[in-house]
$ cat run30.pdb   # PDB, C-alpha atoms, pLDDT in the B column
ATOM      1  CA  MET A   1      -1.848  -4.546   6.239  1.00 91.00           C
ATOM      2  CA  ILE A   2      -0.236  -4.936   2.812  1.00 93.00           C
ATOM      3  CA  TYR A   3       0.614  -8.386   1.469  1.00 96.00           C
ATOM      4  CA  LYS A   4       3.754  -8.726  -0.628  1.00 95.00           C
ATOM      5  CA  VAL A   5       3.192 -11.946  -2.549  1.00 96.00           C
ATOM      6  CA  SER A   6       5.608 -14.159  -4.479  1.00 95.00           C
ATOM      7  CA  TYR A   7       3.508 -16.004  -7.067  1.00 96.00           C
ATOM      8  CA  VAL A   8       5.011 -19.139  -8.597  1.00 94.00           C
ATOM      9  CA  VAL A   9       3.364 -21.000 -11.476  1.00 93.00           C
ATOM     10  CA  SER A  10       3.015 -24.721 -10.923  1.00 89.00           C
ATOM     11  CA  GLY A  11       4.071 -26.707 -14.000  1.00 80.00           C
ATOM     12  CA  GLY A  12       4.837 -25.343 -17.435  1.00 74.00           C
ATOM     13  CA  ASN A  13       7.408 -22.714 -18.292  1.00 82.00           C
ATOM     14  CA  TYR A  14       5.628 -19.485 -17.392  1.00 88.00           C
ATOM     15  CA  PRO A  15       7.488 -17.131 -15.042  1.00 91.00           C
ATOM     16  CA  GLY A  16       5.973 -16.078 -11.769  1.00 93.00           C
ATOM     17  CA  GLY A  17       5.615 -12.614 -10.340  1.00 95.00           C
ATOM     18  CA  ILE A  18       5.785 -10.457  -7.243  1.00 96.00           C
ATOM     19  CA  LYS A  19       3.227  -7.838  -6.314  1.00 94.00           C
ATOM     20  CA  ASN A  20       1.514  -6.158  -3.408  1.00 94.00           C
ATOM     21  CA  GLU A  21      -2.066  -7.059  -2.557  1.00 94.00           C
ATOM     22  CA  ASN A  22      -4.449  -5.223  -0.256  1.00 93.00           C
ATOM     23  CA  GLU A  23      -6.028  -8.525   0.837  1.00 95.00           C
ATOM     24  CA  ARG A  24      -4.437 -11.886   1.574  1.00 96.00           C
ATOM     25  CA  PRO A  25      -4.813 -14.112  -1.528  1.00 96.00           C
ATOM     26  CA  GLN A  26      -7.304 -16.929  -0.989  1.00 96.00           C
ATOM     27  CA  VAL A  27      -7.103 -20.464  -2.359  1.00 97.00           C
ATOM     28  CA  GLY A  28      -9.364 -20.643  -5.419  1.00 96.00           C
ATOM     29  CA  ALA A  29      -9.106 -16.921  -6.204  1.00 96.00           C
ATOM     30  CA  VAL A  30      -8.057 -15.767  -9.673  1.00 95.00           C
ATOM     31  CA  VAL A  31      -4.967 -13.582 -10.063  1.00 95.00           C
ATOM     32  CA  GLN A  32      -3.362 -12.015 -13.124  1.00 93.00           C
ATOM     33  CA  ILE A  33       0.397 -12.437 -13.440  1.00 93.00           C
ATOM     34  CA  GLY A  34       1.800 -10.750 -16.479  1.00 91.00           C
ATOM     35  CA  ARG A  35      -0.564 -11.346 -19.374  1.00 89.00           C
ATOM     36  CA  VAL A  36      -2.244 -14.507 -18.042  1.00 91.00           C
ATOM     37  CA  LYS A  37      -4.810 -15.332 -15.336  1.00 93.00           C
ATOM     38  CA  PHE A  38      -4.157 -18.057 -12.780  1.00 94.00           C
ATOM     39  CA  LYS A  39      -5.999 -19.836  -9.975  1.00 95.00           C
ATOM     40  CA  VAL A  40      -4.427 -19.687  -6.504  1.00 97.00           C
ATOM     41  CA  MET A  41      -3.701 -23.216  -5.223  1.00 96.00           C
ATOM     42  CA  GLU A  42      -1.746 -22.649  -2.004  1.00 96.00           C
ATOM     43  CA  VAL A  43      -0.673 -19.705   0.172  1.00 97.00           C
ATOM     44  CA  HIS A  44       1.796 -19.616   3.046  1.00 95.00           C
ATOM     45  CA  GLU A  45       4.006 -17.133   4.899  1.00 95.00           C
ATOM     46  CA  ILE A  46       7.502 -16.935   3.426  1.00 93.00           C
ATOM     47  CA  ILE A  47       9.145 -14.705   6.087  1.00 93.00           C
ATOM     48  CA  PRO A  48       7.803 -13.067   9.287  1.00 94.00           C
ATOM     49  CA  PRO A  49       5.793  -9.834   8.974  1.00 94.00           C
ATOM     50  CA  ARG A  50       7.553  -6.473   9.329  1.00 90.00           C
ATOM     51  CA  ASP A  51       5.955  -3.072   9.945  1.00 89.00           C
ATOM     52  CA  ASP A  52       2.680  -3.026   7.938  1.00 89.00           C
ATOM     53  CA  PHE A  53       3.737  -5.789   5.544  1.00 93.00           C
ATOM     54  CA  GLN A  54       3.184  -9.533   5.407  1.00 95.00           C
ATOM     55  CA  PHE A  55       5.337 -11.622   3.072  1.00 95.00           C
ATOM     56  CA  LEU A  56       3.611 -14.547   1.368  1.00 96.00           C
ATOM     57  CA  HIS A  57       4.313 -17.239  -1.186  1.00 96.00           C
ATOM     58  CA  ALA A  58       1.490 -18.490  -3.398  1.00 96.00           C
ATOM     59  CA  THR A  59       1.451 -21.354  -5.867  1.00 95.00           C
ATOM     60  CA  VAL A  60      -0.860 -20.822  -8.842  1.00 95.00           C
ATOM     61  CA  LYS A  61      -2.123 -22.901 -11.754  1.00 93.00           C
ATOM     62  CA  PRO A  62      -3.050 -21.576 -15.218  1.00 90.00           C
ATOM     63  CA  LEU A  63      -6.771 -21.281 -15.921  1.00 87.00           C
ATOM     64  CA  GLU A  64      -6.005 -22.284 -19.496  1.00 73.00           C
ATOM     65  CA  GLU A  65      -3.057 -23.481 -21.574  1.00 64.00           C
ATOM     66  CA  VAL A  66      -0.324 -20.826 -21.658  1.00 60.00           C
ATOM     67  CA  GLU A  67       2.218 -20.283 -24.398  1.00 58.00           C
ATOM     68  CA  PRO A  68       5.945 -20.354 -23.667  1.00 55.00           C
ATOM     69  CA  THR A  69       7.378 -16.865 -23.140  1.00 55.00           C
ATOM     70  CA  LYS A  70      10.175 -16.888 -25.698  1.00 49.00           C
ATOM     71  CA  GLY A  71      10.535 -13.558 -27.456  1.00 46.00           C
TER      72      GLY A  71
ATOM     73  CA  MET B   1       0.654  14.280   0.102  1.00 60.00           C
ATOM     74  CA  GLU B   2      -0.966  11.728  -2.198  1.00 81.00           C
ATOM     75  CA  LEU B   3       2.468  10.583  -3.365  1.00 84.00           C
ATOM     76  CA  VAL B   4       3.666  10.304   0.235  1.00 88.00           C
ATOM     77  CA  LYS B   5       0.725   8.007   0.974  1.00 85.00           C
ATOM     78  CA  LEU B   6       1.486   5.979  -2.143  1.00 85.00           C
ATOM     79  CA  LEU B   7       5.148   5.568  -1.243  1.00 88.00           C
ATOM     80  CA  SER B   8       4.248   4.536   2.310  1.00 88.00           C
ATOM     81  CA  SER B   9       2.619   1.426   0.809  1.00 87.00           C
ATOM     82  CA  VAL B  10       5.892   0.397  -0.858  1.00 90.00           C
ATOM     83  CA  PRO B  11       8.066  -1.995   1.197  1.00 90.00           C
ATOM     84  CA  LEU B  12      11.236  -0.156   0.079  1.00 91.00           C
ATOM     85  CA  PHE B  13      10.075   2.837   2.144  1.00 92.00           C
ATOM     86  CA  SER B  14       8.740   0.884   5.123  1.00 92.00           C
ATOM     87  CA  GLY B  15       9.773   2.509   8.402  1.00 93.00           C
ATOM     88  CA  LEU B  16      10.204   6.037   7.003  1.00 94.00           C
ATOM     89  CA  ASN B  17       8.149   8.825   8.551  1.00 94.00           C
ATOM     90  CA  THR B  18       6.096  11.422   6.658  1.00 94.00           C
ATOM     91  CA  ASP B  19       8.896  13.996   6.634  1.00 94.00           C
ATOM     92  CA  GLN B  20      11.397  11.475   5.272  1.00 94.00           C
ATOM     93  CA  LEU B  21       8.923  10.305   2.624  1.00 94.00           C
ATOM     94  CA  THR B  22       8.323  13.918   1.603  1.00 94.00           C
ATOM     95  CA  ARG B  23      12.059  14.381   1.069  1.00 94.00           C
ATOM     96  CA  LEU B  24      12.072  11.290  -1.140  1.00 93.00           C
ATOM     97  CA  THR B  25       9.190  12.590  -3.240  1.00 92.00           C
ATOM     98  CA  SER B  26      11.231  15.709  -3.986  1.00 93.00           C
ATOM     99  CA  ILE B  27      13.871  13.611  -5.782  1.00 95.00           C
ATOM    100  CA  SER B  28      11.427  11.226  -7.490  1.00 94.00           C
ATOM    101  CA  ARG B  29      10.322  11.385 -11.111  1.00 95.00           C
ATOM    102  CA  SER B  30       7.069   9.938 -12.412  1.00 95.00           C
ATOM    103  CA  GLU B  31       6.680   8.328 -15.838  1.00 97.00           C
ATOM    104  CA  THR B  32       3.777   6.506 -17.459  1.00 98.00           C
ATOM    105  CA  PHE B  33       4.158   3.742 -20.043  1.00 98.00           C
ATOM    106  CA  ASN B  34       1.813   1.808 -22.294  1.00 98.00           C
ATOM    107  CA  THR B  35       1.836  -1.894 -23.176  1.00 96.00           C
ATOM    108  CA  ASP B  36       5.170  -3.058 -24.628  1.00 96.00           C
ATOM    109  CA  ASP B  37       6.899   0.293 -23.986  1.00 98.00           C
ATOM    110  CA  ILE B  38      10.516  -0.373 -22.999  1.00 97.00           C
ATOM    111  CA  ILE B  39      11.528   1.246 -19.709  1.00 97.00           C
ATOM    112  CA  PHE B  40      15.185   0.278 -20.082  1.00 96.00           C
ATOM    113  CA  LYS B  41      17.229  -2.217 -22.087  1.00 95.00           C
ATOM    114  CA  GLN B  42      19.602  -4.924 -20.917  1.00 94.00           C
ATOM    115  CA  GLY B  43      23.179  -3.614 -21.129  1.00 93.00           C
ATOM    116  CA  SER B  44      22.267   0.064 -20.791  1.00 95.00           C
ATOM    117  CA  THR B  45      24.016   2.093 -18.108  1.00 93.00           C
ATOM    118  CA  ASP B  46      21.334   4.261 -16.499  1.00 88.00           C
ATOM    119  CA  ASP B  47      21.441   3.977 -12.678  1.00 88.00           C
ATOM    120  CA  ARG B  48      17.890   4.830 -11.605  1.00 94.00           C
ATOM    121  CA  VAL B  49      15.902   2.630  -9.245  1.00 94.00           C
ATOM    122  CA  TYR B  50      12.241   2.301 -10.238  1.00 96.00           C
ATOM    123  CA  ILE B  51       9.098   1.748  -8.178  1.00 94.00           C
ATOM    124  CA  VAL B  52       5.933   0.367  -9.812  1.00 95.00           C
ATOM    125  CA  THR B  53       2.971   2.350  -8.518  1.00 93.00           C
ATOM    126  CA  ARG B  54       0.402   1.193 -11.085  1.00 94.00           C
ATOM    127  CA  GLY B  55       0.240  -1.636 -13.620  1.00 95.00           C
ATOM    128  CA  GLN B  56       2.790  -4.386 -14.221  1.00 96.00           C
ATOM    129  CA  VAL B  57       6.216  -4.720 -15.780  1.00 97.00           C
ATOM    130  CA  GLU B  58       7.974  -7.677 -17.393  1.00 97.00           C
ATOM    131  CA  ILE B  59      11.634  -8.496 -16.755  1.00 96.00           C
ATOM    132  CA  ARG B  60      13.252 -10.023 -19.866  1.00 95.00           C
ATOM    133  CA  PHE B  61      16.665 -11.615 -20.369  1.00 92.00           C
ATOM    134  CA  ALA B  62      18.519 -12.047 -23.642  1.00 90.00           C
ATOM    135  CA  ASP B  63      19.279 -15.622 -24.696  1.00 81.00           C
ATOM    136  CA  ALA B  64      22.632 -16.758 -26.071  1.00 80.00           C
ATOM    137  CA  GLY B  65      20.819 -17.545 -29.315  1.00 83.00           C
ATOM    138  CA  GLY B  66      19.755 -13.942 -29.871  1.00 83.00           C
ATOM    139  CA  GLY B  67      16.204 -14.194 -28.580  1.00 86.00           C
ATOM    140  CA  ASP B  68      14.915 -13.252 -25.176  1.00 88.00           C
ATOM    141  CA  HIS B  69      12.487 -14.580 -22.597  1.00 90.00           C
ATOM    142  CA  ALA B  70      10.317 -13.257 -19.807  1.00 93.00           C
ATOM    143  CA  ALA B  71      11.702 -14.164 -16.396  1.00 92.00           C
ATOM    144  CA  LEU B  72       9.579 -12.306 -13.857  1.00 94.00           C
ATOM    145  CA  TYR B  73       6.568 -10.022 -13.570  1.00 96.00           C
ATOM    146  CA  LEU B  74       6.499  -7.192 -11.038  1.00 96.00           C
ATOM    147  CA  GLY B  75       3.342  -5.411  -9.978  1.00 95.00           C
ATOM    148  CA  GLN B  76       2.341  -2.539  -7.757  1.00 92.00           C
ATOM    149  CA  GLY B  77       4.723  -1.738  -4.932  1.00 91.00           C
ATOM    150  CA  GLN B  78       7.720  -3.582  -6.399  1.00 94.00           C
ATOM    151  CA  ILE B  79      11.085  -2.121  -7.283  1.00 94.00           C
ATOM    152  CA  PHE B  80      13.456  -2.833 -10.165  1.00 96.00           C
ATOM    153  CA  GLY B  81      16.799  -1.446 -11.277  1.00 94.00           C
ATOM    154  CA  GLU B  82      18.169  -1.691  -7.752  1.00 90.00           C
ATOM    155  CA  MET B  83      21.278  -3.621  -8.819  1.00 88.00           C
ATOM    156  CA  ALA B  84      22.539  -0.708 -10.942  1.00 84.00           C
ATOM    157  CA  LEU B  85      21.648   1.647  -8.090  1.00 82.00           C
ATOM    158  CA  LEU B  86      23.961  -0.287  -5.796  1.00 84.00           C
ATOM    159  CA  ASP B  87      26.808  -1.372  -8.075  1.00 87.00           C
ATOM    160  CA  LYS B  88      26.556   1.086 -11.048  1.00 86.00           C
ATOM    161  CA  GLY B  89      26.868  -1.853 -13.443  1.00 90.00           C
ATOM    162  CA  ALA B  90      25.044  -2.236 -16.734  1.00 92.00           C
ATOM    163  CA  ARG B  91      21.397  -3.269 -16.634  1.00 94.00           C
ATOM    164  CA  SER B  92      21.195  -7.029 -16.210  1.00 91.00           C
ATOM    165  CA  ALA B  93      17.804  -7.312 -17.922  1.00 94.00           C
ATOM    166  CA  SER B  94      15.342  -5.379 -20.046  1.00 96.00           C
ATOM    167  CA  VAL B  95      12.117  -4.106 -18.509  1.00 97.00           C
ATOM    168  CA  LEU B  96       8.914  -3.285 -20.354  1.00 97.00           C
ATOM    169  CA  ALA B  97       5.417  -2.262 -19.374  1.00 98.00           C
ATOM    170  CA  ILE B  98       2.717  -4.835 -20.032  1.00 96.00           C
ATOM    171  CA  GLU B  99      -0.331  -2.736 -19.168  1.00 95.00           C
ATOM    172  CA  ASP B 100      -1.470   0.587 -20.572  1.00 97.00           C
ATOM    173  CA  GLY B 101      -1.005   3.330 -17.986  1.00 97.00           C
ATOM    174  CA  THR B 102       1.758   1.540 -16.091  1.00 97.00           C
ATOM    175  CA  GLU B 103       3.153   4.188 -13.742  1.00 96.00           C
ATOM    176  CA  VAL B 104       6.632   4.115 -12.250  1.00 96.00           C
ATOM    177  CA  TYR B 105       8.562   6.503 -10.033  1.00 95.00           C
ATOM    178  CA  SER B 106      12.332   6.588 -10.286  1.00 96.00           C
ATOM    179  CA  ILE B 107      15.211   8.035  -8.296  1.00 95.00           C
ATOM    180  CA  THR B 108      18.796   8.445  -9.496  1.00 94.00           C
ATOM    181  CA  SER B 109      21.571   6.737  -7.602  1.00 92.00           C
ATOM    182  CA  THR B 110      23.325  10.062  -7.021  1.00 92.00           C
ATOM    183  CA  ALA B 111      20.249  11.789  -5.577  1.00 94.00           C
ATOM    184  CA  LEU B 112      19.393   8.840  -3.347  1.00 93.00           C
ATOM    185  CA  MET B 113      22.936   8.380  -2.051  1.00 92.00           C
ATOM    186  CA  THR B 114      23.203  12.128  -1.338  1.00 94.00           C
ATOM    187  CA  LEU B 115      19.943  12.002   0.633  1.00 94.00           C
ATOM    188  CA  CYS B 116      21.092   8.885   2.515  1.00 92.00           C
ATOM    189  CA  GLN B 117      24.346  10.611   3.480  1.00 93.00           C
ATOM    190  CA  GLN B 118      22.524  13.792   4.579  1.00 93.00           C
ATOM    191  CA  ASP B 119      20.084  11.777   6.690  1.00 94.00           C
ATOM    192  CA  THR B 120      21.719   8.535   7.773  1.00 95.00           C
ATOM    193  CA  ALA B 121      18.459   7.339   9.362  1.00 95.00           C
ATOM    194  CA  ILE B 122      16.932   7.327   5.868  1.00 94.00           C
ATOM    195  CA  GLY B 123      20.078   5.649   4.583  1.00 94.00           C
ATOM    196  CA  PHE B 124      19.966   2.861   7.169  1.00 95.00           C
ATOM    197  CA  ILE B 125      16.273   2.133   6.592  1.00 95.00           C
ATOM    198  CA  MET B 126      16.524   2.275   2.794  1.00 92.00           C
ATOM    199  CA  MET B 127      19.603   0.008   2.650  1.00 92.00           C
ATOM    200  CA  ARG B 128      17.934  -2.456   5.035  1.00 94.00           C
ATOM    201  CA  ASN B 129      14.808  -2.444   2.871  1.00 93.00           C
ATOM    202  CA  LEU B 130      16.843  -2.852  -0.323  1.00 92.00           C
ATOM    203  CA  ALA B 131      18.568  -5.879   1.228  1.00 93.00           C
ATOM    204  CA  LEU B 132      15.189  -7.293   2.273  1.00 93.00           C
ATOM    205  CA  ASP B 133      13.840  -6.840  -1.253  1.00 93.00           C
ATOM    206  CA  LEU B 134      16.827  -8.636  -2.780  1.00 92.00           C
ATOM    207  CA  SER B 135      16.412 -11.394  -0.193  1.00 93.00           C
ATOM    208  CA  PHE B 136      12.722 -11.723  -1.075  1.00 94.00           C
ATOM    209  CA  LYS B 137      13.563 -11.968  -4.774  1.00 92.00           C
ATOM    210  CA  LEU B 138      16.148 -14.674  -4.041  1.00 92.00           C
ATOM    211  CA  ARG B 139      13.543 -16.634  -2.071  1.00 93.00           C
ATOM    212  CA  HIS B 140      11.133 -16.214  -4.984  1.00 92.00           C
ATOM    213  CA  LYS B 141      13.812 -17.452  -7.382  1.00 88.00           C
ATOM    214  CA  ASN B 142      14.517 -20.466  -5.158  1.00 89.00           C
ATOM    215  CA  LEU B 143      10.838 -21.396  -5.346  1.00 86.00           C
ATOM    216  CA  ASP B 144      10.416 -20.647  -9.068  1.00 81.00           C
ATOM    217  CA  PRO B 145      12.538 -22.869 -11.343  1.00 66.00           C
ATOM    218  CA  THR B 146      11.696 -20.734 -14.405  1.00 70.00           C
ATOM    219  CA  THR B 147      13.068 -17.516 -12.905  1.00 56.00           C
ATOM    220  CA  SER B 148      16.603 -16.285 -13.532  1.00 51.00           C
ATOM    221  CA  ILE B 149      17.105 -12.993 -11.671  1.00 47.00           C
TER     222      ILE B 149
END
$ encode --input "run30.pdb" --output "structure tokens"
Amino acid sequence: MIYKVSYVVSGGNYPGGIKNENERPQVGAVVQIGRVKFKVMEVHEIIPPRDDFQFLHATVKPLEEVEPTKG
Amino acid sequence: MELVKLLSSVPLFSGLNTDQLTRLTSISRSETFNTDDIIFKQGSTDDRVYIVTRGQVEIRFADAGGGDHAALYLGQGQIFGEMALLDKGARSASVLAIEDGTEVYSITSTALMTLCQQDTAIGFIMMRNLALDLSFKLRHKNLDPTTSI
């Protein structure tokens, strides 16, 4: 099973990300989105599974203060 | 065969059999980028669809004030550039690699559409999967107030 995960950052102004994971993300785990590491706070199914894929949404919180992403 | 296995783990190709995946590999091109390498720029007119097979990419939008901002990060298994594939419009955002060794595969709109017309089973599955990917991105956007895709 492959997990397609929508990661959304709770609070702040840092954009989230989407990526495939080989294991279902666990609450408390650390994940890197872009250039920053985050702690997973919540995980739930966003749409029903299809073929070998599960579709999840995870809320994450920065491990440390993150800078705004203006270029 | 290794590429076929890799593509089978990408949702865009979900439901395709080994023979169909092999035909897709024959029209795919691999490129590797390092951190901050630009894959394409907002406003450009290339019509390739890209698949991230290693590393991460950053989607950036230009601001009205002349700056730009990151809007979304895409990792392994995700696709980008699909809007230009479908509507042939200019790129709506810039995309750059944010990890050394970021690997992407790309397919031109013309090659993909030709393959889809030759094998309508591939066409049906790919168009369904493209719609699902756009739907997933919309759901992500609905949940992420900082995202503008």
$ closest_residue --input "run30.pdb" --among "A:Val5, A:Val30, A:Ala58, A:Ile47" --to "Ile18 of chain A" --atoms "all atoms listed in the file"
A:Val5
$ closest_atom_pairs --input "run30.pdb" --of "chain A" --to "chain B" --cutoff "9 Å" --atoms "all atoms listed in the file" --output "Markdown table"
| residue | atom | partner | partner_atom | distance |
| --- | --- | --- | --- | --- |
| A:Ile2 | CA | B:Ser9 | CA | 7.3 |
| A:Lys4 | CA | B:Pro11 | CA | 8.2 |
| A:Ser6 | CA | B:His140 | CA | 5.9 |
| A:Tyr7 | CA | B:His140 | CA | 7.9 |
| A:Val8 | CA | B:Asp144 | CA | 5.6 |
| A:Val9 | CA | B:Asp144 | CA | 7.5 |
| A:Ser10 | CA | B:Asp144 | CA | 8.6 |
| A:Gly12 | CA | B:Thr146 | CA | 8.8 |
| A:Asn13 | CA | B:Thr146 | CA | 6.1 |
| A:Tyr14 | CA | B:Thr146 | CA | 6.9 |
| A:Pro15 | CA | B:Ala71 | CA | 5.3 |
| A:Gly16 | CA | B:Leu72 | CA | 5.6 |
| A:Gly17 | CA | B:Tyr73 | CA | 4.2 |
| A:Ile18 | CA | B:Leu74 | CA | 5.1 |
| A:Lys19 | CA | B:Gly75 | CA | 4.4 |
| A:Asn20 | CA | B:Gly77 | CA | 5.7 |
| A:Glu21 | CA | B:Gln76 | CA | 8.2 |
| A:Ile33 | CA | B:Tyr73 | CA | 6.6 |
| A:Gly34 | CA | B:Tyr73 | CA | 5.6 |
| A:Arg35 | CA | B:Ile98 | CA | 7.3 |
| A:Ile46 | CA | B:Arg139 | CA | 8.2 |
| A:Ile47 | CA | B:Phe136 | CA | 8.5 |
| A:Arg50 | CA | B:Ser14 | CA | 8.6 |
| A:Asp51 | CA | B:Ser14 | CA | 6.8 |
| A:Asp52 | CA | B:Ser14 | CA | 7.7 |
| A:Phe53 | CA | B:Pro11 | CA | 7.2 |
| A:Phe55 | CA | B:Phe136 | CA | 8.5 |
| A:His57 | CA | B:His140 | CA | 7.9 |
| A:Pro68 | CA | B:His69 | CA | 8.8 |
| A:Thr69 | CA | B:His69 | CA | 5.6 |
| A:Lys70 | CA | B:His69 | CA | 4.5 |
| A:Gly71 | CA | B:Asp68 | CA | 4.9 |
$ atom_distance --input "run30.pdb" --atom1 "atom CA of Ser44 of chain B" --atom2 "atom CA of Ala90 of chain B"
5.4 Å
$ resolve_selection --input "run30.pdb" --expression "the PyMOL selection byres ((chain B and resi 42) around 6)" --output "ChimeraX atom specification"
/B:41,43-44,91-94
$ resolve_selection --input "run30.pdb" --expression "the PyMOL selection byres ((chain B and resi 24-30) around 12)" --output "VMD selection string"
chain B and resid 1 to 8 12 to 13 16 to 23 31 to 33 48 to 54 101 to 116 119 122 to 123 126
$ atom_distance --input "run30.pdb" --atom1 "atom CA of Gln117 of chain B" --atom2 "atom CA of Asn129 of chain B"
16.2 Å
$ atom_distance --input "run30.pdb" --atom1 "atom CA of Pro62 of chain A" --atom2 "atom CA of Lys37 of chain A"
6.5 Å
$ resolve_selection --input "run30.pdb" --expression "the PyMOL selection byres ((chain A and resi 24) around 9)" --output "JSON, numbers by chain"
{"A": [2, 3, 5, 21, 22, 23, 25, 26, 43, 54, 56]}
$ residues_near_point --input "run30.pdb" --point "(-4.3, -20.8, -11.0)" --cutoff "6 Å" --atoms "all atoms listed in the file" --output "PyMOL selection string"
chain A and resi 38-40+60-63
$ closest_residue --input "run30.pdb" --among "B:Asp133, B:Leu138, B:Met127, B:Thr45" --to "Ala84 of chain B" --atoms "all atoms listed in the file"
B:Thr45
$ axis_aligned_box --input "run30.pdb" --around "segment 59-72 of chain B" --padding-each-side "4 Å" --output "JSON"
{"center_x": 16.1, "center_y": -13.0, "center_z": -21.9, "size_x": 21.1, "size_y": 17.0, "size_z": 24.0}
$ decode --input "run30.pdb" --residues "segment 49-62 of chain A" --atoms "N, CA, C and O atoms" --output "compact mmCIF listing (two decimals), in the first residue's frame"
# COMPACT_ATOMS: atom_id res chain seq x y z
N PRO A 49 -9.84 4.68 -0.38
CA PRO A 49 -8.70 4.11 -1.11
C PRO A 49 -9.08 3.65 -2.50
O PRO A 49 -10.24 3.35 -2.78
N ARG A 50 -8.09 3.64 -3.40
CA ARG A 50 -8.29 3.17 -4.78
C ARG A 50 -7.05 2.39 -5.19
O ARG A 50 -5.93 2.84 -4.97
N ASP A 51 -7.27 1.25 -5.82
CA ASP A 51 -6.15 0.38 -6.23
C ASP A 51 -5.20 0.18 -5.04
O ASP A 51 -5.65 -0.20 -3.98
N ASP A 52 -3.91 0.46 -5.21
CA ASP A 52 -2.94 0.25 -4.12
C ASP A 52 -2.67 1.54 -3.33
O ASP A 52 -1.65 1.64 -2.65
N PHE A 53 -3.55 2.51 -3.43
CA PHE A 53 -3.29 3.81 -2.81
C PHE A 53 -4.33 4.16 -1.75
O PHE A 53 -5.52 3.92 -1.93
N GLN A 54 -3.83 4.73 -0.65
CA GLN A 54 -4.71 5.35 0.34
C GLN A 54 -4.43 6.85 0.31
O GLN A 54 -3.30 7.28 0.09
N PHE A 55 -5.47 7.63 0.55
CA PHE A 55 -5.37 9.09 0.41
C PHE A 55 -5.65 9.72 1.78
O PHE A 55 -6.76 9.61 2.31
N LEU A 56 -4.61 10.36 2.33
CA LEU A 56 -4.69 10.85 3.71
C LEU A 56 -4.45 12.36 3.78
O LEU A 56 -3.80 12.95 2.91
N HIS A 57 -4.98 12.92 4.87
CA HIS A 57 -4.69 14.32 5.20
C HIS A 57 -4.03 14.34 6.57
O HIS A 57 -4.51 13.70 7.50
N ALA A 58 -2.92 15.07 6.69
CA ALA A 58 -2.23 15.16 7.97
C ALA A 58 -2.01 16.63 8.32
O ALA A 58 -1.65 17.43 7.47
N THR A 59 -2.27 16.96 9.57
CA THR A 59 -1.95 18.29 10.08
C THR A 59 -0.62 18.20 10.80
O THR A 59 -0.39 17.26 11.58
N VAL A 60 0.26 19.16 10.56
CA VAL A 60 1.59 19.13 11.17
C VAL A 60 1.90 20.48 11.83
O VAL A 60 1.30 21.51 11.50
N LYS A 61 2.84 20.42 12.77
CA LYS A 61 3.24 21.63 13.50
C LYS A 61 4.75 21.77 13.39
O LYS A 61 5.48 20.77 13.51
N PRO A 62 5.25 22.99 13.19
CA PRO A 62 6.72 23.15 13.07
C PRO A 62 7.44 22.71 14.34
O PRO A 62 6.96 22.94 15.44
